[in-house]
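See structure below.
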Amino acid sequence: MKRLLSVIAISAVSAGIYAGTPTIDGTFDGVSVWGPAVATNSNPGFSGAGATATDLYVTDDASYVYFGAQISGLAGWMSFGFAIDSQSGGGNTQETWGRQINFNFPTNSVGDAPDVVIRGNCNNSWIEQHTWNGSTWQGFGTNIGTSEANSNPSTGWIECRVAKSVLNMRASKQGQVEFYLTGDQNAHGLFTSVPYDTPCAEWNPSSPQVLSNPSGPVNLPVALSAFTLE
């Protein structure tokens with residue numbers, strides 16, 4: 001089955017004019033702010049967990065890039081991640097909280113590996129921003145709080161923002177991003193993702209699932225930012 005990875009190209013047409021500025025409060029502000037989804041998924045997630053990530057959104061303003069995901073069956077005991085490739089280098093490693101998931105972003109004309117991961121508990125009890133320093137992930141032990149990322153199990157919406165100074169976008173202004181959902185134990189695997197990657201088939205898989213394998217590009221203009229879905 002074809003697996004997808006969303007690839008984003010962020011290019012403001014005019015300084016100070018952007019698609020929208022979402023409020024990070026766990027509520028979807030609508031397509032008038034976010035623009036249309038840059039990736040969708042109709043493949044069910046791991047049946048044991050009962051959650052399926054269906055839509056991925058990306059927008060930006062002068063200072064931040066915003067990422068949002070819609071999930072059916074979201075529960076507070078689960079945990080989430082936004083894996084973002086924005087510059088050359090990055091870490092194709094085990095996912096940053098040690099679940100049975102490996103990053104395996106492709107190296108191609110768009111990008112290579114994740115540089116930033118927003119990782120959090122779906123009950124908002126702890127959220128971290130991890131950055132790749134060239135050899136390892138850093139940012140552990142600091143809770144960035146619900147002003148930077150927010151999960152709402154009652155509506156199935158998770159959103160976050162990352163400063164453009166942190167993303168430090170490569171000259172092409174292109175990157176890759178994938179949202180994923182997993183559990184609260186290191187033995188847990190991939191429950192669901194958008195774009196789609198094959199989820200685990202049991203609670204404690206013997207080998208990790210991977211977040212990987214983009215396919216051909218489709219240009220999706222969203223307001224005054226251009227996004228490439230691949």
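Chain labels A, B, ... are given in the sequence in which chains occur in the structure tokens; within each chain residues are numbered consecutively from 1, and ligands are likewise numbered from 1 in the order shown.
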Closest-contact table, segment 110-194 of chain A side, partner segment 82-85 of chain A, 10 Å, counting only C-alpha atoms, as a Markdown table:
```
| residue | atom | partner | partner_atom | distance |
| --- | --- | --- | --- | --- |
| A:Val110 | CA | A:Asp85 | CA | 9.4 |
| A:Gly111 | CA | A:Asp85 | CA | 6.8 |
| A:Asp112 | CA | A:Asp85 | CA | 6.9 |
| A:Ala113 | CA | A:Asp85 | CA | 5.5 |
| A:Pro114 | CA | A:Asp85 | CA | 4.0 |
| A:Asp115 | CA | A:Asp85 | CA | 5.1 |
| A:Val116 | CA | A:Ile84 | CA | 5.2 |
| A:Val117 | CA | A:Ala83 | CA | 4.6 |
| A:Ile118 | CA | A:Phe82 | CA | 5.1 |
| A:Arg119 | CA | A:Phe82 | CA | 6.7 |
| A:Gly120 | CA | A:Phe82 | CA | 9.3 |
| A:Gln129 | CA | A:Phe82 | CA | 9.7 |
| A:His130 | CA | A:Ala83 | CA | 9.5 |
| A:Thr131 | CA | A:Ile84 | CA | 9.7 |
| A:Ile158 | CA | A:Phe82 | CA | 9.8 |
| A:Glu159 | CA | A:Phe82 | CA | 9.2 |
| A:Cys160 | CA | A:Phe82 | CA | 8.5 |
| A:Val162 | CA | A:Ile84 | CA | 9.8 |
| A:Leu167 | CA | A:Asp85 | CA | 8.3 |
| A:Met169 | CA | A:Asp85 | CA | 8.8 |
| A:Arg170 | CA | A:Asp85 | CA | 9.6 |
| A:Gln174 | CA | A:Asp85 | CA | 8.7 |
| A:Gly175 | CA | A:Asp85 | CA | 5.2 |
| A:Gln176 | CA | A:Asp85 | CA | 4.9 |
| A:Val177 | CA | A:Ile84 | CA | 4.4 |
| A:Glu178 | CA | A:Ala83 | CA | 5.4 |
| A:Phe179 | CA | A:Phe82 | CA | 4.5 |
| A:Tyr180 | CA | A:Phe82 | CA | 6.5 |
| A:Leu181 | CA | A:Phe82 | CA | 9.0 |
| A:Ser193 | CA | A:Phe82 | CA | 9.7 |
| A:Val194 | CA | A:Phe82 | CA | 9.9 |
```
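Using only C-alpha atoms, the protein and nucleic acid residues lying no more than 12 Å from Asn124 of chain A, apart from those fewer than 3 places from it along its own chain, are Asp25, Gly26, Ala75, Gly76, Trp77, Met78, Ser79, Phe80, Arg119, Gly120, Asn121, Ile127, Glu128, Asn143, Ile144, Gly145, Thr146, Ser147, Glu148, Ala149, Asn150, Ser151, Asn152, Pro153, Ile158, Glu159 and Cys160 of chain A.
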Residues from last step as file, N, CA and C atoms, as a PDB file, in the first residue's frame:
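Output file selection_17.pdb is given in full below:
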```pdb
ATOM      1  N   ASP A  25      -5.163  26.709  21.348  1.00  0.00           N
ATOM      2  CA  ASP A  25      -6.017  26.462  22.508  1.00  0.00           C
ATOM      3  C   ASP A  25      -6.745  25.124  22.429  1.00  0.00           C
ATOM      4  N   GLY A  26      -6.369  24.271  21.462  1.00  0.00           N
ATOM      5  CA  GLY A  26      -7.013  22.973  21.329  1.00  0.00           C
ATOM      6  C   GLY A  26      -8.310  22.999  20.561  1.00  0.00           C
ATOM      7  N   ALA A  75      -7.672   9.871  22.719  1.00  0.00           N
ATOM      8  CA  ALA A  75      -7.850   9.712  24.163  1.00  0.00           C
ATOM      9  C   ALA A  75      -6.694  10.368  24.904  1.00  0.00           C
ATOM     10  N   GLY A  76      -6.961  10.821  26.117  1.00  0.00           N
ATOM     11  CA  GLY A  76      -5.974  11.561  26.882  1.00  0.00           C
ATOM     12  C   GLY A  76      -4.749  10.763  27.276  1.00  0.00           C
ATOM     13  N   TRP A  77      -4.851   9.427  27.354  1.00  0.00           N
ATOM     14  CA  TRP A  77      -3.696   8.617  27.753  1.00  0.00           C
ATOM     15  C   TRP A  77      -2.703   8.427  26.610  1.00  0.00           C
ATOM     16  N   MET A  78      -3.086   8.786  25.401  1.00  0.00           N
ATOM     17  CA  MET A  78      -2.203   8.638  24.244  1.00  0.00           C
ATOM     18  C   MET A  78      -1.164   9.759  24.217  1.00  0.00           C
ATOM     19  N   SER A  79      -0.204   9.646  23.307  1.00  0.00           N
ATOM     20  CA  SER A  79       0.784  10.705  23.120  1.00  0.00           C
ATOM     21  C   SER A  79       0.980  10.955  21.631  1.00  0.00           C
ATOM     22  N   PHE A  80       1.420  12.167  21.298  1.00  0.00           N
ATOM     23  CA  PHE A  80       1.471  12.593  19.898  1.00  0.00           C
ATOM     24  C   PHE A  80       2.842  13.134  19.534  1.00  0.00           C
ATOM     25  N   ARG A 119       6.565  16.895  20.771  1.00  0.00           N
ATOM     26  CA  ARG A 119       6.191  15.613  21.372  1.00  0.00           C
ATOM     27  C   ARG A 119       5.430  15.876  22.660  1.00  0.00           C
ATOM     28  N   GLY A 120       4.243  15.277  22.815  1.00  0.00           N
ATOM     29  CA  GLY A 120       3.462  15.588  23.999  1.00  0.00           C
ATOM     30  C   GLY A 120       2.480  14.512  24.397  1.00  0.00           C
ATOM     31  N   ASN A 121       1.984  14.623  25.624  1.00  0.00           N
ATOM     32  CA  ASN A 121       0.892  13.788  26.105  1.00  0.00           C
ATOM     33  C   ASN A 121      -0.431  14.408  25.670  1.00  0.00           C
ATOM     34  N   ILE A 127       4.602  18.534  27.415  1.00  0.00           N
ATOM     35  CA  ILE A 127       4.850  18.723  25.988  1.00  0.00           C
ATOM     36  C   ILE A 127       6.275  19.240  25.820  1.00  0.00           C
ATOM     37  N   GLU A 128       7.028  18.662  24.894  1.00  0.00           N
ATOM     38  CA  GLU A 128       8.410  19.071  24.674  1.00  0.00           C
ATOM     39  C   GLU A 128       8.646  19.430  23.208  1.00  0.00           C
ATOM     40  N   ASN A 143       9.038  21.506  29.753  1.00  0.00           N
ATOM     41  CA  ASN A 143       7.640  21.506  29.315  1.00  0.00           C
ATOM     42  C   ASN A 143       7.348  22.847  28.646  1.00  0.00           C
ATOM     43  N   ILE A 144       7.083  22.829  27.333  1.00  0.00           N
ATOM     44  CA  ILE A 144       6.852  24.088  26.620  1.00  0.00           C
ATOM     45  C   ILE A 144       5.455  24.634  26.863  1.00  0.00           C
ATOM     46  N   GLY A 145       4.550  23.819  27.402  1.00  0.00           N
ATOM     47  CA  GLY A 145       3.249  24.304  27.830  1.00  0.00           C
ATOM     48  C   GLY A 145       2.216  24.404  26.724  1.00  0.00           C
ATOM     49  N   THR A 146       0.984  24.655  27.142  1.00  0.00           N
ATOM     50  CA  THR A 146      -0.150  24.624  26.218  1.00  0.00           C
ATOM     51  C   THR A 146      -0.289  25.883  25.377  1.00  0.00           C
ATOM     52  N   SER A 147       0.554  26.886  25.597  1.00  0.00           N
ATOM     53  CA  SER A 147       0.547  28.037  24.694  1.00  0.00           C
ATOM     54  C   SER A 147       1.286  27.728  23.396  1.00  0.00           C
ATOM     55  N   GLU A 148       2.113  26.670  23.411  1.00  0.00           N
ATOM     56  CA  GLU A 148       2.888  26.287  22.235  1.00  0.00           C
ATOM     57  C   GLU A 148       2.312  25.051  21.545  1.00  0.00           C
ATOM     58  N   ALA A 149       1.645  24.200  22.282  1.00  0.00           N
ATOM     59  CA  ALA A 149       0.996  23.012  21.723  1.00  0.00           C
ATOM     60  C   ALA A 149      -0.175  22.655  22.616  1.00  0.00           C
ATOM     61  N   ASN A 150      -1.246  22.150  22.007  1.00  0.00           N
ATOM     62  CA  ASN A 150      -2.451  21.883  22.787  1.00  0.00           C
ATOM     63  C   ASN A 150      -3.215  20.728  22.161  1.00  0.00           C
ATOM     64  N   SER A 151      -3.635  19.797  22.999  1.00  0.00           N
ATOM     65  CA  SER A 151      -4.395  18.631  22.561  1.00  0.00           C
ATOM     66  C   SER A 151      -5.755  18.634  23.237  1.00  0.00           C
ATOM     67  N   ASN A 152      -6.798  18.306  22.477  1.00  0.00           N
ATOM     68  CA  ASN A 152      -8.156  18.311  23.010  1.00  0.00           C
ATOM     69  C   ASN A 152      -8.840  16.996  22.645  1.00  0.00           C
ATOM     70  N   PRO A 153      -8.777  15.981  23.526  1.00  0.00           N
ATOM     71  CA  PRO A 153      -9.399  14.695  23.204  1.00  0.00           C
ATOM     72  C   PRO A 153     -10.900  14.781  22.939  1.00  0.00           C
ATOM     73  N   ILE A 158      -5.376  18.400  17.696  1.00  0.00           N
ATOM     74  CA  ILE A 158      -4.071  18.690  18.288  1.00  0.00           C
ATOM     75  C   ILE A 158      -3.382  19.721  17.412  1.00  0.00           C
ATOM     76  N   GLU A 159      -2.784  20.740  18.030  1.00  0.00           N
ATOM     77  CA  GLU A 159      -2.113  21.785  17.262  1.00  0.00           C
ATOM     78  C   GLU A 159      -0.873  22.257  17.996  1.00  0.00           C
ATOM     79  N   CYS A 160       0.052  22.832  17.234  1.00  0.00           N
ATOM     80  CA  CYS A 160       1.267  23.371  17.830  1.00  0.00           C
ATOM     81  C   CYS A 160       1.809  24.469  16.931  1.00  0.00           C
TER      82      CYS A 160
END
```
Mind the document's chain letters and residue numbers, and return as a ChimeraX atom specification the residues of segment 10-151 of chain A that DSSP labels helix (DSSP H, G or I). /A:31-34
Saved selection, atoms kept: N, CA and C atoms, as a PDB file, in the first residue's frame:
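The resulting result21.pdb:
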```pdb
ATOM      1  N   VAL A  31     -10.999  26.394   8.253  1.00  0.00           N
ATOM      2  CA  VAL A  31     -10.180  26.518   7.046  1.00  0.00           C
ATOM      3  C   VAL A  31      -9.958  27.973   6.661  1.00  0.00           C
ATOM      4  N   SER A  32     -10.765  28.893   7.176  1.00  0.00           N
ATOM      5  CA  SER A  32     -10.526  30.305   6.886  1.00  0.00           C
ATOM      6  C   SER A  32      -9.216  30.775   7.502  1.00  0.00           C
ATOM      7  N   VAL A  33      -8.769  30.099   8.556  1.00  0.00           N
ATOM      8  CA  VAL A  33      -7.492  30.412   9.198  1.00  0.00           C
ATOM      9  C   VAL A  33      -6.403  29.448   8.743  1.00  0.00           C
ATOM     10  N   TRP A  34      -6.711  28.155   8.735  1.00  0.00           N
ATOM     11  CA  TRP A  34      -5.703  27.138   8.439  1.00  0.00           C
ATOM     12  C   TRP A  34      -5.526  26.879   6.947  1.00  0.00           C
TER      13      TRP A  34
END
```
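Atom CA of Ser86 of chain A sits 10.9 Å away from atom CA of Trp132 of chain A.
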| said: At a cut-off of 9 Å, using only C-alpha atoms, what residues contact Ala49 of chain A? Leave out same-chain residues fewer than 4 positions from it and give the result as a PyMOL selection string. | reply: chain A and resi 45+73-75+78+182-183+191+203
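The residue that comes closest to Pro208 of chain A, out of A:Gln87, A:Asn104, A:Thr136, A:Ser125 and on the basis of only C-alpha atoms, is A:Asn104.
In this model, the gap between atom CA of Val38 of chain A and atom CA of Ala53 of chain A comes to 13.1 Å.
Atom CA of Gly134 of chain A is positioned 28.6 Å from atom CA of Cys122 of chain A.
With only C-alpha atoms as the basis for measurement, A:Thr59 is the residue among A:Thr59, A:Asn92, A:Thr23, A:Thr54 that approaches Pro36 of chain A most closely.
Considering only C-alpha atoms, the residue among A:Ile101, A:Ala171, A:Ile24, A:Ala163 positioned nearest to Ala62 of chain A is A:Ala163.
With distances restricted to only C-alpha atoms, A:Gly20 is the closest residue to Phe67 of chain A from A:Gly50, A:Gly98, A:Gly89, A:Gly20.
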Could you pull out all residues of segment 109-219 of chain A with a DSSP call of strand (DSSP E) and give them as a PDB file with C-alpha atoms, in the first residue's frame?
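Result file is states_9.pdb:
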```pdb
ATOM      1  CA  VAL A 116      12.288  19.358  15.046  1.00  0.00           C
ATOM      2  CA  VAL A 117       9.806  17.136  16.873  1.00  0.00           C
ATOM      3  CA  ILE A 118       6.935  18.452  18.966  1.00  0.00           C
ATOM      4  CA  ARG A 119       6.191  15.613  21.372  1.00  0.00           C
ATOM      5  CA  GLY A 120       3.462  15.588  23.999  1.00  0.00           C
ATOM      6  CA  ASN A 121       0.892  13.788  26.105  1.00  0.00           C
ATOM      7  CA  ILE A 127       4.850  18.723  25.988  1.00  0.00           C
ATOM      8  CA  GLU A 128       8.410  19.071  24.674  1.00  0.00           C
ATOM      9  CA  GLN A 129      10.095  20.636  21.652  1.00  0.00           C
ATOM     10  CA  HIS A 130      13.021  18.499  20.503  1.00  0.00           C
ATOM     11  CA  THR A 131      15.671  19.803  18.117  1.00  0.00           C
ATOM     12  CA  TRP A 132      18.486  17.934  16.375  1.00  0.00           C
ATOM     13  CA  TRP A 137      18.153  15.219  20.106  1.00  0.00           C
ATOM     14  CA  GLN A 138      17.934  17.951  22.718  1.00  0.00           C
ATOM     15  CA  ALA A 149       0.996  23.012  21.723  1.00  0.00           C
ATOM     16  CA  ASN A 150      -2.451  21.883  22.787  1.00  0.00           C
ATOM     17  CA  SER A 151      -4.395  18.631  22.561  1.00  0.00           C
ATOM     18  CA  ASN A 152      -8.156  18.311  23.010  1.00  0.00           C
ATOM     19  CA  TRP A 157      -7.811  18.222  17.610  1.00  0.00           C
ATOM     20  CA  ILE A 158      -4.071  18.690  18.288  1.00  0.00           C
ATOM     21  CA  GLU A 159      -2.113  21.785  17.262  1.00  0.00           C
ATOM     22  CA  CYS A 160       1.267  23.371  17.830  1.00  0.00           C
ATOM     23  CA  ARG A 161       3.485  26.171  16.631  1.00  0.00           C
ATOM     24  CA  VAL A 162       7.235  26.322  15.989  1.00  0.00           C
ATOM     25  CA  ALA A 163       9.193  29.558  15.684  1.00  0.00           C
ATOM     26  CA  GLN A 174      10.744  23.224   1.452  1.00  0.00           C
ATOM     27  CA  GLY A 175      10.386  20.645   4.167  1.00  0.00           C
ATOM     28  CA  GLN A 176       8.566  17.514   5.252  1.00  0.00           C
ATOM     29  CA  VAL A 177       6.204  16.863   8.144  1.00  0.00           C
ATOM     30  CA  GLU A 178       4.270  13.912   9.497  1.00  0.00           C
ATOM     31  CA  PHE A 179       1.917  13.665  12.460  1.00  0.00           C
ATOM     32  CA  TYR A 180       1.882  10.462  14.490  1.00  0.00           C
ATOM     33  CA  LEU A 181       0.026   9.051  17.467  1.00  0.00           C
ATOM     34  CA  THR A 182       1.224   6.405  19.898  1.00  0.00           C
ATOM     35  CA  THR A 192      -1.930   6.083  13.399  1.00  0.00           C
ATOM     36  CA  SER A 193      -0.372   8.827  11.294  1.00  0.00           C
ATOM     37  CA  VAL A 194      -1.224  11.404   8.675  1.00  0.00           C
ATOM     38  CA  GLN A 209       7.062   0.853  12.599  1.00  0.00           C
ATOM     39  CA  VAL A 210       8.567   3.545  10.376  1.00  0.00           C
ATOM     40  CA  LEU A 211       7.512   7.031   9.334  1.00  0.00           C
ATOM     41  CA  SER A 212       8.686   7.219   5.718  1.00  0.00           C
ATOM     42  CA  VAL A 218       0.950  17.741  -5.916  1.00  0.00           C
ATOM     43  CA  ASN A 219       0.888  21.527  -5.508  1.00  0.00           C
TER      44      ASN A 219
END
```
Spatial neighbours of segment 204-207 of chain A, max dist 8 Å, only C-alpha atoms, sep filter under 3 positions, as a ChimeraX atom specification: /A:100,187-189,200-201
